[in-house]
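One file, start-v1.cif, is given below (mmCIF, C-alpha atoms and all ligand atoms).
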data_query
loop_
_atom_site.label_atom_id
_atom_site.label_comp_id
_atom_site.auth_asym_id
_atom_site.auth_seq_id
_atom_site.Cartn_x
_atom_site.Cartn_y
_atom_site.Cartn_z
CA MET A 1 138.65 85.58 89.61
CA ALA A 2 136.68 86.19 92.81
CA GLU A 3 133.26 87.72 92.18
CA GLU A 4 133.06 91.32 93.36
CA VAL A 5 130.82 91.62 96.43
CA LYS A 6 128.42 94.52 95.96
CA LYS A 7 127.62 96.77 98.88
CA ARG A 8 124.07 96.53 100.11
CA VAL A 9 121.29 99.13 99.94
CA PHE A 10 117.97 98.90 101.81
CA SER A 11 115.01 101.26 101.90
CA GLY A 12 111.25 101.26 102.25
CA VAL A 13 108.02 103.23 102.11
CA GLN A 14 104.94 102.73 104.28
CA PRO A 15 101.73 101.74 102.47
CA THR A 16 99.83 104.37 104.43
CA GLY A 17 97.56 106.69 102.49
CA LYS A 18 98.67 108.02 99.15
CA VAL A 19 102.31 108.25 98.15
CA THR A 20 103.33 111.87 97.64
CA LEU A 21 105.62 113.72 95.30
CA GLY A 22 107.87 114.13 98.38
CA ASN A 23 108.20 110.35 98.76
CA TYR A 24 109.00 110.11 95.07
CA LEU A 25 111.53 112.95 94.77
CA GLY A 26 113.06 112.37 98.21
CA ALA A 27 113.28 108.59 98.06
CA ILE A 28 111.91 106.25 95.34
CA ARG A 29 113.29 108.16 92.36
CA ASN A 30 116.79 108.07 93.82
CA TRP A 31 116.71 104.31 94.28
CA THR A 32 116.57 103.50 90.57
CA PRO A 33 120.18 104.39 89.65
CA LEU A 34 121.50 102.56 92.74
CA GLN A 35 120.36 99.26 91.26
CA GLU A 36 123.25 99.30 88.79
CA GLN A 37 125.95 99.52 91.43
CA TYR A 38 124.62 97.94 94.62
CA ASP A 39 122.84 94.87 95.90
CA CYS A 40 119.44 96.47 96.56
CA LEU A 41 116.44 95.47 98.63
CA PHE A 42 113.33 97.66 98.54
CA CYS A 43 110.54 96.89 100.95
CA VAL A 44 106.92 97.89 101.45
CA VAL A 45 106.93 98.35 105.23
CA ASP A 46 103.39 97.28 106.07
CA LEU A 47 104.13 96.52 109.75
CA HIS A 48 105.16 100.14 110.25
CA SER A 49 101.79 101.30 108.88
CA LEU A 50 100.01 99.54 111.74
CA THR A 51 101.36 102.11 114.19
CA VAL A 52 98.50 104.36 113.11
CA THR A 53 94.94 103.04 112.78
CA GLN A 54 94.34 101.39 109.39
CA VAL A 55 91.27 100.10 107.57
CA PRO A 56 92.41 96.51 106.78
CA ALA A 57 91.02 96.42 103.23
CA GLU A 58 92.64 99.77 102.46
CA LEU A 59 95.98 98.62 103.84
CA ARG A 60 95.88 95.56 101.59
CA LYS A 61 95.07 97.72 98.56
CA ASN A 62 97.71 100.35 99.39
CA THR A 63 100.33 97.62 99.81
CA LEU A 64 99.80 96.17 96.33
CA ASP A 65 99.45 99.64 94.80
CA LEU A 66 102.84 100.52 96.26
CA VAL A 67 104.51 97.39 94.91
CA ALA A 68 103.21 98.28 91.43
CA LEU A 69 104.33 101.86 91.95
CA TYR A 70 107.87 100.77 92.82
CA ILE A 71 108.12 98.95 89.50
CA ALA A 72 106.38 101.75 87.57
CA CYS A 73 108.96 104.18 88.99
CA GLY A 74 111.79 102.10 87.53
CA LEU A 75 112.68 99.51 90.15
CA ASP A 76 113.55 96.33 88.29
CA PRO A 77 112.66 93.04 90.03
CA ASP A 78 115.47 91.34 88.09
CA LYS A 79 117.99 93.65 89.70
CA SER A 80 116.51 94.38 93.14
CA ALA A 81 114.58 92.34 95.67
CA LEU A 82 111.12 93.90 96.01
CA PHE A 83 109.14 92.51 98.92
CA ILE A 84 106.63 93.09 101.70
CA GLN A 85 108.02 93.45 105.22
CA SER A 86 105.48 91.11 106.86
CA HIS A 87 106.44 88.32 104.42
CA VAL A 88 109.83 88.05 106.13
CA HIS A 89 109.08 87.30 109.78
CA GLU A 90 112.68 87.97 110.88
CA HIS A 91 111.97 91.75 110.82
CA ALA A 92 109.65 91.48 113.83
CA GLU A 93 111.88 88.94 115.58
CA LEU A 94 115.03 91.02 115.33
CA ALA A 95 113.04 94.06 116.45
CA TRP A 96 112.38 92.28 119.77
CA ILE A 97 116.09 91.68 120.35
CA LEU A 98 116.89 95.29 119.42
CA ASP A 99 114.17 96.46 121.83
CA THR A 100 116.46 95.15 124.55
CA ILE A 101 119.32 97.28 123.22
CA ALA A 102 117.47 100.57 122.56
CA TYR A 103 116.77 102.89 125.49
CA VAL A 104 113.36 104.36 126.27
CA GLY A 105 115.02 107.78 126.65
CA GLU A 106 116.38 107.83 123.12
CA LEU A 107 113.08 106.64 121.61
CA ASN A 108 111.24 109.34 123.56
CA ARG A 109 113.46 111.96 121.95
CA MET A 110 112.65 111.00 118.34
CA THR A 111 111.10 113.96 116.51
CA GLN A 112 108.72 111.75 114.52
CA PHE A 113 107.46 110.04 117.70
CA LYS A 114 106.77 113.43 119.28
CA ASP A 115 105.00 114.69 116.11
CA LYS A 116 102.90 111.57 115.69
CA SER A 117 102.01 111.51 119.39
CA ARG A 118 100.68 115.02 118.99
CA LYS A 119 98.73 114.12 115.83
CA HIS A 120 97.36 110.85 117.22
CA ALA A 121 96.91 111.79 120.87
CA ASP A 122 94.15 109.16 121.25
CA ASN A 123 96.42 106.35 120.03
CA ILE A 124 99.96 106.70 121.36
CA ASN A 125 100.61 102.98 121.18
CA MET A 126 103.86 101.14 121.97
CA GLY A 127 104.34 100.46 118.26
CA LEU A 128 104.54 104.19 117.59
CA MET A 129 107.33 104.49 120.10
CA ASN A 130 109.08 101.34 118.85
CA TYR A 131 108.74 102.38 115.20
CA PRO A 132 112.45 103.33 114.91
CA VAL A 133 113.53 100.00 116.45
CA LEU A 134 111.57 98.10 113.78
CA MET A 135 113.20 100.37 111.21
CA ALA A 136 116.63 99.55 112.68
CA SER A 137 115.73 95.89 112.41
CA ASP A 138 114.79 96.32 108.70
CA ILE A 139 118.16 97.87 108.00
CA LEU A 140 120.45 95.75 110.18
CA LEU A 141 118.90 92.44 109.14
CA TYR A 142 120.47 92.83 105.70
CA GLN A 143 123.94 94.06 106.75
CA THR A 144 123.01 97.26 104.91
CA GLU A 145 125.70 99.84 104.11
CA TYR A 146 123.55 102.56 102.54
CA VAL A 147 120.02 103.73 103.31
CA PRO A 148 118.59 106.17 100.73
CA VAL A 149 115.93 108.25 102.49
CA GLY A 150 114.62 111.80 102.81
CA LYS A 151 115.88 114.23 105.46
CA ASP A 152 113.07 113.41 107.92
CA GLN A 153 114.50 109.90 108.35
CA VAL A 154 118.09 110.88 109.13
CA GLN A 155 117.45 110.79 112.88
CA HIS A 156 116.12 107.22 112.63
CA VAL A 157 119.17 106.10 110.66
CA GLU A 158 121.42 107.74 113.26
CA LEU A 159 119.60 105.78 115.97
CA THR A 160 120.07 102.61 113.89
CA ARG A 161 123.81 103.29 113.83
CA ASN A 162 123.85 103.74 117.60
CA ILE A 163 121.94 100.50 118.15
CA ALA A 164 124.28 98.61 115.79
CA GLU A 165 127.38 99.98 117.49
CA ARG A 166 126.01 99.23 120.96
CA PHE A 167 125.14 95.66 119.97
CA ASN A 168 128.54 95.14 118.33
CA ALA A 169 130.33 96.46 121.39
CA ARG A 170 128.35 94.23 123.74
CA TYR A 171 128.31 91.00 121.71
CA SER A 172 131.22 91.44 119.23
CA ASP A 173 131.02 92.50 115.60
CA THR A 174 127.65 91.44 114.19
CA PHE A 175 126.06 94.25 112.19
CA ALA A 176 127.33 96.51 109.42
CA VAL A 177 126.93 100.13 110.56
CA PRO A 178 124.80 101.85 107.86
CA GLN A 179 124.98 105.34 106.40
CA CYS A 180 122.27 107.61 105.01
CA LEU A 181 122.21 108.46 101.33
CA LEU A 182 120.45 111.81 100.90
CA SER A 183 119.50 113.22 97.52
CA LYS A 184 120.99 116.70 97.09
CA SER A 185 117.91 118.79 96.49
CA GLY A 186 114.93 116.44 96.85
CA ASN A 187 115.52 115.45 100.44
CA SER A 188 112.82 117.73 101.83
CA ILE A 189 109.90 118.63 99.59
CA LYS A 190 107.59 121.01 101.42
CA SER A 191 103.83 121.34 101.81
CA LEU A 192 102.19 123.48 99.09
CA LEU A 193 100.19 125.43 101.66
CA GLU A 194 102.64 125.60 104.56
CA PRO A 195 106.04 125.58 102.87
CA THR A 196 108.10 125.48 106.04
CA ALA A 197 106.64 122.03 106.88
CA LYS A 198 107.38 118.85 104.91
CA MET A 199 104.90 117.50 102.36
CA SER A 200 103.39 114.61 104.27
CA LYS A 201 101.11 111.70 103.31
CA SER A 202 99.19 112.20 106.52
CA ASP A 203 98.40 115.89 105.89
CA PRO A 204 94.65 116.25 106.49
CA ASN A 205 94.49 118.93 103.79
CA ASP A 206 94.70 117.21 100.41
CA ASN A 207 95.48 120.54 98.72
CA ALA A 208 98.81 120.72 100.56
CA ILE A 209 100.21 117.63 98.86
CA ILE A 210 100.62 116.25 95.36
CA THR A 211 100.03 112.51 95.28
CA LEU A 212 101.40 110.23 92.59
CA THR A 213 97.85 109.33 91.60
CA ASP A 214 96.62 112.92 91.14
CA SER A 215 95.17 113.67 87.70
CA ALA A 216 96.67 116.41 85.51
CA ASP A 217 93.78 118.74 86.39
CA THR A 218 94.24 118.15 90.10
CA VAL A 219 97.99 118.80 89.93
CA ARG A 220 97.36 122.04 88.05
CA ARG A 221 94.68 123.18 90.48
CA LYS A 222 96.78 122.41 93.56
CA LEU A 223 99.83 124.18 92.17
CA ARG A 224 97.81 127.28 91.22
CA ARG A 225 96.71 127.49 94.87
CA ALA A 226 100.20 126.89 96.25
CA VAL A 227 101.47 129.56 98.65
CA THR A 228 104.24 131.62 97.06
CA ASP A 229 105.49 134.30 99.42
CA SER A 230 104.63 136.89 101.96
CA ASP A 231 106.16 139.89 100.16
CA THR A 232 104.95 141.57 97.00
CA ASP A 233 108.14 141.18 95.03
CA VAL A 234 107.12 138.76 92.26
CA ARG A 235 110.46 137.11 91.65
CA CYS A 236 111.47 133.49 91.51
CA VAL A 237 114.26 133.37 94.06
CA HIS A 238 115.51 130.17 95.61
CA SER A 239 116.45 129.85 99.30
CA SER A 240 115.09 133.24 100.32
CA PRO A 241 113.69 133.20 103.87
CA SER A 242 110.73 135.31 102.76
CA LYS A 243 109.98 132.97 99.85
CA PRO A 244 109.92 129.37 101.14
CA GLY A 245 106.96 128.62 98.85
CA VAL A 246 108.69 129.87 95.70
CA SER A 247 111.85 128.08 96.74
CA ASN A 248 109.94 124.80 97.12
CA LEU A 249 108.27 125.18 93.71
CA LEU A 250 111.60 125.99 92.06
CA ASN A 251 113.04 122.90 93.65
CA ILE A 252 110.17 120.73 92.41
CA TYR A 253 110.46 122.26 88.95
CA SER A 254 114.21 121.72 88.74
CA LEU A 255 113.87 118.06 89.78
CA CYS A 256 110.96 117.31 87.44
CA ALA A 257 112.21 119.30 84.42
CA ASP A 258 115.79 118.17 85.01
CA VAL A 259 117.35 121.64 85.04
CA THR A 260 119.37 123.33 87.78
CA VAL A 261 117.63 125.71 90.16
CA GLU A 262 119.75 128.57 88.74
CA GLU A 263 118.56 127.74 85.21
CA ALA A 264 114.99 127.69 86.44
CA GLU A 265 115.38 131.07 88.17
CA LYS A 266 116.67 132.56 84.92
CA GLN A 267 113.92 130.95 82.87
CA PHE A 268 111.22 132.62 84.97
CA GLU A 269 112.91 136.00 85.44
CA GLY A 270 110.39 138.78 84.84
CA LYS A 271 107.48 136.34 84.46
CA GLY A 272 104.54 136.31 86.86
CA TYR A 273 103.75 133.52 89.29
CA GLY A 274 100.85 132.36 87.07
CA VAL A 275 103.20 131.42 84.23
CA PHE A 276 105.67 129.92 86.68
CA LYS A 277 103.07 127.74 88.43
CA ASP A 278 101.69 126.45 85.12
CA ALA A 279 105.20 125.47 84.06
CA VAL A 280 105.74 123.64 87.36
CA ALA A 281 102.44 121.82 86.79
CA ASP A 282 103.47 120.83 83.24
CA ALA A 283 106.78 119.44 84.51
CA VAL A 284 105.13 117.47 87.35
CA ILE A 285 102.42 116.08 85.06
CA ALA A 286 105.04 114.95 82.54
CA VAL A 287 106.72 112.94 85.30
CA LEU A 288 103.52 111.49 86.78
CA GLU A 289 101.56 110.45 83.69
CA PRO A 290 103.85 107.64 82.46
CA ILE A 291 104.19 106.31 86.03
CA GLN A 292 100.41 106.27 86.46
CA ALA A 293 99.86 104.43 83.16
CA GLU A 294 102.47 101.81 84.02
CA GLN A 295 101.16 101.34 87.55
CA LYS A 296 97.66 100.75 86.18
CA ARG A 297 98.95 98.19 83.69
CA LEU A 298 100.90 96.34 86.39
CA LEU A 299 97.94 96.26 88.77
CA SER A 300 95.91 94.41 86.15
CA ASP A 301 98.48 91.59 86.28
CA LYS A 302 98.23 90.26 89.85
CA ALA A 303 100.03 87.01 88.97
CA TYR A 304 103.09 88.95 87.86
CA LEU A 305 103.13 91.05 91.04
CA GLU A 306 102.75 87.95 93.23
CA ASN A 307 105.64 86.32 91.42
CA VAL A 308 107.84 89.40 91.95
CA LEU A 309 106.93 89.45 95.65
CA GLY A 310 107.60 85.72 96.02
CA GLN A 311 111.07 86.05 94.52
CA GLY A 312 111.84 89.18 96.52
CA ALA A 313 110.79 87.61 99.82
CA GLU A 314 112.82 84.50 99.07
CA LYS A 315 116.00 86.47 98.52
CA ALA A 316 115.33 88.68 101.55
CA SER A 317 114.57 85.65 103.75
CA ARG A 318 117.85 83.97 102.89
CA ILE A 319 119.85 86.96 104.12
CA ALA A 320 117.55 87.66 107.07
CA GLN A 321 117.72 84.08 108.39
CA LYS A 322 121.49 84.20 108.41
CA THR A 323 121.67 87.45 110.35
CA LEU A 324 118.99 86.45 112.85
CA ALA A 325 120.67 83.07 113.54
CA LYS A 326 123.91 84.91 114.21
CA VAL A 327 122.18 87.36 116.54
CA TYR A 328 120.35 84.61 118.46
CA ARG A 329 123.63 82.74 118.92
CA LYS A 330 125.47 85.83 120.11
CA VAL A 331 122.88 86.78 122.71
CA GLY A 332 122.80 83.22 124.11
CA LEU A 333 119.64 81.62 122.68
CA ILE A 334 119.83 77.88 121.97
CA PRO A 335 119.03 76.91 118.35
CA ARG A 336 116.13 74.49 117.90
CA VAL A 337 117.31 70.98 116.95
CA ARG A 338 115.34 69.57 113.96
P1 LIG B 1 107.56 107.02 104.72
O1 LIG B 1 106.63 106.14 103.99
O2 LIG B 1 107.01 108.00 105.68
O3 LIG B 1 108.50 107.81 103.71
C1 LIG B 1 109.15 107.12 102.67
C2 LIG B 1 110.35 107.89 102.19
O4 LIG B 1 109.97 109.17 101.67
C3 LIG B 1 110.77 110.19 102.26
N1 LIG B 1 109.96 111.42 102.36
C4 LIG B 1 110.31 112.61 101.85
N2 LIG B 1 111.41 113.02 101.19
C5 LIG B 1 111.46 114.33 100.80
N3 LIG B 1 110.49 115.22 101.04
C6 LIG B 1 109.37 114.86 101.71
N4 LIG B 1 108.40 115.73 101.93
C7 LIG B 1 109.25 113.49 102.15
N5 LIG B 1 108.29 112.80 102.82
C8 LIG B 1 108.75 111.54 102.94
C9 LIG B 1 111.15 109.64 103.63
O5 LIG B 1 112.30 110.27 104.13
C10 LIG B 1 111.37 108.17 103.29
O6 LIG B 1 112.68 107.98 102.77
N6 LIG B 1 110.35 105.24 108.27
C11 LIG B 1 110.39 105.21 106.81
C12 LIG B 1 110.04 103.86 106.27
C13 LIG B 1 111.02 102.81 106.64
C14 LIG B 1 112.35 102.71 106.22
C15 LIG B 1 112.88 101.53 106.82
C16 LIG B 1 113.14 103.50 105.39
C17 LIG B 1 110.77 101.75 107.46
N7 LIG B 1 111.89 100.98 107.55
C18 LIG B 1 114.19 101.15 106.61
C19 LIG B 1 114.47 103.11 105.19
C20 LIG B 1 114.97 101.95 105.79
C21 LIG B 1 109.48 106.32 106.29
O7 LIG B 1 109.65 107.43 106.59
O8 LIG B 1 108.51 105.99 105.46
#

Rendering of file as structure tokens:
Amino acid sequence: MAEEVKKRVFSGVQPTGKVTLGNYLGAIRNWTPLQEQYDCLFCVVDLHSLTVTQVPAELRKNTLDLVALYIACGLDPDKSALFIQSHVHEHAELAWILDTIAYVGELNRMTQFKDKSRKHADNINMGLMNYPVLMASDILLYQTEYVPVGKDQVQHVELTRNIAERFNARYSDTFAVPQCLLSKSGNSIKSLLEPTAKMSKSDPNDNAIITLTDSADTVRRKLRRAVTDSDTDVRCVHSSPSKPGVSNLLNIYSLCADVTVEEAEKQFEGKGYGVFKDAVADAVIAVLEPIQAEQKRLLSDKAYLENVLGQGAEKASRIAQKTLAKVYRKVGLIPRVR
């Protein structure tokens, strides 16, 4: 009997700064169950990190930390290819071809480009503008069908679809046209101090974010300081415009304690915010502690991590080479004779 061909999933996280609870609940955590059903590739997108200024030694450390974190969060190297973007040179090569397909106007309109240009006004480099083209290259290189990401990346996946369709129309069918996979409630975890903005790795105020390496005491302290609401009605209500902070904490609680938001609302009915925030902290700490212990253990075994990365890059390269050869042929480049 013919072997069933699994659909492909691709996603990645940048090794920039510290990974947040938003990255975990919006992305990494949702990748684990996909491994059972799909052919998955999960990448540490180090080339993307270079679009903002990096300290080289820190980038190297963050990259390995993130690989260990992927595994500690439940990604299984025997089921999924785990690899580093720069280890598969086809990502950068395909990005060049796609640069000739993407329009300056559409890249200029990307929300993230506009945000980052504002935040890094002294370093609006071409890479920052081309960031979504490199992301399209990551996705299209693997004939990806599903891209599990948080809400902030939907626009980039839409652009990827447009680029794929434009290329296919111009040069005949070449790329699968991917779709976003959004988690229902975790797709936009908000800042603890400004709960209408997303929780972001690059937030200059460390108290606004929970990182996956925060100690139990730090998590508790940050959550106690979290903004709750602007009115005086001490009630845990989800999705109330006057209570974006409470809504965000309820969301975090429901995801970490594995209860519905309605159950959580009931649980904290008539209780003050102090009790509520401590319970959120307990739930977050219970999720983070086993991940932290496992990440630490993995980081002490560099040989194992290198082996995982070698295998992952090998699998990724095989697929990437095939797609890039097809693309080069379609656009009219002559293959090198060996
Ligand atoms: P990065 O590292 O900024 O974010 C990694 C993932 O975390 C999600 N995320 C969130 N989800 C919910 N709430 C939040 N507050 C929150 N903050 C971040 C992001 O949506 C993302 O899924 N450009 C990508 C990296 C990338 C990529 C790719 C992803 C490069 N190439 C190809 C998918 C496919 C990014 O945002 O990384």

Please determine, counting only C-alpha atoms, which residue among A:Glu294, A:Glu36, A:Asp282, A:Glu106 has the shortest atom-to-atom distance to Asp78 of chain A.
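With only C-alpha atoms as the atom set, the closest residue is A:Glu36.
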
Check the smallest atom-to-atom distance from each of A:Glu93, A:Ser86, A:Asp152, A:Lys18 to Gln112 of chain A using all atoms listed in the file, then report the winner.
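Ranking A:Glu93, A:Ser86, A:Asp152, A:Lys18 by distance to Gln112 of chain A, first place goes to A:Asp152.
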
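Considering the residues A:Gln321, A:Thr32, A:Asn187, A:Gln37 and counting only C-alpha atoms and all ligand atoms, ligand LIG 1 (chain B) has its shortest atom-to-atom contact with A:Asn187.
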
Within 12 Å of (116.7, 83.0, 105.5) (coordinates as in the file), grab all the protein and nucleic acid residues, counting only C-alpha atoms, and write them out as number ranges by chain.
A: 87-91, 141-142, 312-326

Quick one: distance from atom CA of Ala303 of chain A to atom CA of Leu64 of chain A in Å, one decimal?
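Separating atom CA of Ala303 of chain A from atom CA of Leu64 of chain A is a distance of 11.8 Å.
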
Using atom CA of Val133 of chain A and atom CA of Trp96 of chain A as the two end points, give the distance in Å to one decimal.
8.5 Å

Find the residues near ligand LIG 1 (chain B). Use a cut-off of 7 Å, count all atoms listed in the file, and write them as a count of residues only.
34

Which one of A:Gly332, A:Val237, A:Gly105, A:Asp258 sits closest to Leu159 of chain A if you count only C-alpha atoms?
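Nearest candidate to Leu159 of chain A out of A:Gly332, A:Val237, A:Gly105, A:Asp258: A:Gly105.
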
Padding 8 Å on each side, edges along x, y and z: where is the centre of the box around the listed atoms of segment 214-218 of chain A, and how long are its edges in Å to one decimal? Output it as lines of an AutoDock Vina configuration file.
center_x = 95.2
center_y = 115.8
center_z = 88.3
size_x = 18.9
size_y = 21.8
size_z = 21.6

Residues within 12 Å of Ser117 of chain A, all atoms listed in the file, excluding chain neighbours under 2 positions, as number ranges by chain:
A: 51-52, 108-115, 119-129

To one decimal place, how far is atom CA of Thr196 of chain A from atom CA of Gln179 of chain A in Å?
26.3 Å

Write out as a list in words each polymer residue whose atoms come within 10 Å of Gln35 of chain A, counting all atoms listed in the file; drop sequence neighbours fewer than 3 positions from it.
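Listing them by chain and then by number gives Arg8, Val9, Asn30, Trp31, Thr32, Tyr38, Asp39, Cys40, Leu41, Gly74, Leu75, Asp76, Pro77, Asp78, Lys79 and Ser80 of chain A.
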
Using all atoms listed in the file, which protein or nucleic acid residues come within 9 Å of segment 55-60 of chain A? Drop anything in the same chain fewer than 4 positions from it, and give the result as a compact mmCIF listing (two decimals) with C-alpha atoms, in the frame of the given file.
# COMPACT_ATOMS: atom_id res chain seq x y z
CA PRO A 15 101.73 101.74 102.47
CA THR A 16 99.83 104.37 104.43
CA GLY A 17 97.56 106.69 102.49
CA ASP A 46 103.39 97.28 106.07
CA SER A 49 101.79 101.30 108.88
CA LEU A 50 100.01 99.54 111.74
CA LEU A 64 99.80 96.17 96.33
CA ASP A 65 99.45 99.64 94.80

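In this comparison, which uses all atoms listed in the file, the residue of A:Tyr131, A:Phe42, A:Phe276, A:Tyr103 approaching Ile252 of chain A most closely is A:Phe276.
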
Excluding Lys330 of chain A and any residue of its chain fewer than 6 positions from it, enumerate the residues within 12 Å of it, using all atoms listed in the file, and give them as an mmCIF file with C-alpha atoms, keeping the file's coordinate frame.
data_model
loop_
_atom_site.group_PDB
_atom_site.id
_atom_site.type_symbol
_atom_site.label_atom_id
_atom_site.label_comp_id
_atom_site.auth_asym_id
_atom_site.auth_seq_id
_atom_site.Cartn_x
_atom_site.Cartn_y
_atom_site.Cartn_z
ATOM 1 C CA ILE A 97 116.090 91.680 120.350
ATOM 2 C CA PHE A 167 125.140 95.660 119.970
ATOM 3 C CA ASN A 168 128.540 95.140 118.330
ATOM 4 C CA ALA A 169 130.330 96.460 121.390
ATOM 5 C CA ARG A 170 128.350 94.230 123.740
ATOM 6 C CA TYR A 171 128.310 91.000 121.710
ATOM 7 C CA SER A 172 131.220 91.440 119.230
ATOM 8 C CA ASP A 173 131.020 92.500 115.600
ATOM 9 C CA THR A 174 127.650 91.440 114.190
ATOM 10 C CA PHE A 175 126.060 94.250 112.190
ATOM 11 C CA THR A 323 121.670 87.450 110.350
ATOM 12 C CA LEU A 324 118.990 86.450 112.850
#

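With all atoms listed in the file as the basis for measurement, A:Pro195 is the residue among A:Ile28, A:Tyr304, A:Pro195, A:Val261 that approaches Pro241 of chain A most closely.
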
For the interface of segment 225-250 of chain A with segment 267-270 of chain A (cut-off 10 Å, counting all atoms listed in the file), please tabulate each contacting residue of segment 225-250 of chain A alongside its nearest pair of atoms and their separation in Å to one decimal, rows sorted by chain and increasing number, as JSON lines.
{"residue": "A:Val234", "atom": "CA", "partner": "A:Gly270", "partner_atom": "CA", "distance": 8.1}
{"residue": "A:Arg235", "atom": "CA", "partner": "A:Glu269", "partner_atom": "CA", "distance": 6.8}
{"residue": "A:Cys236", "atom": "CA", "partner": "A:Phe268", "partner_atom": "CA", "distance": 6.6}
{"residue": "A:Val237", "atom": "CA", "partner": "A:Glu269", "partner_atom": "CA", "distance": 9.1}
{"residue": "A:Leu250", "atom": "CA", "partner": "A:Phe268", "partner_atom": "CA", "distance": 9.7}
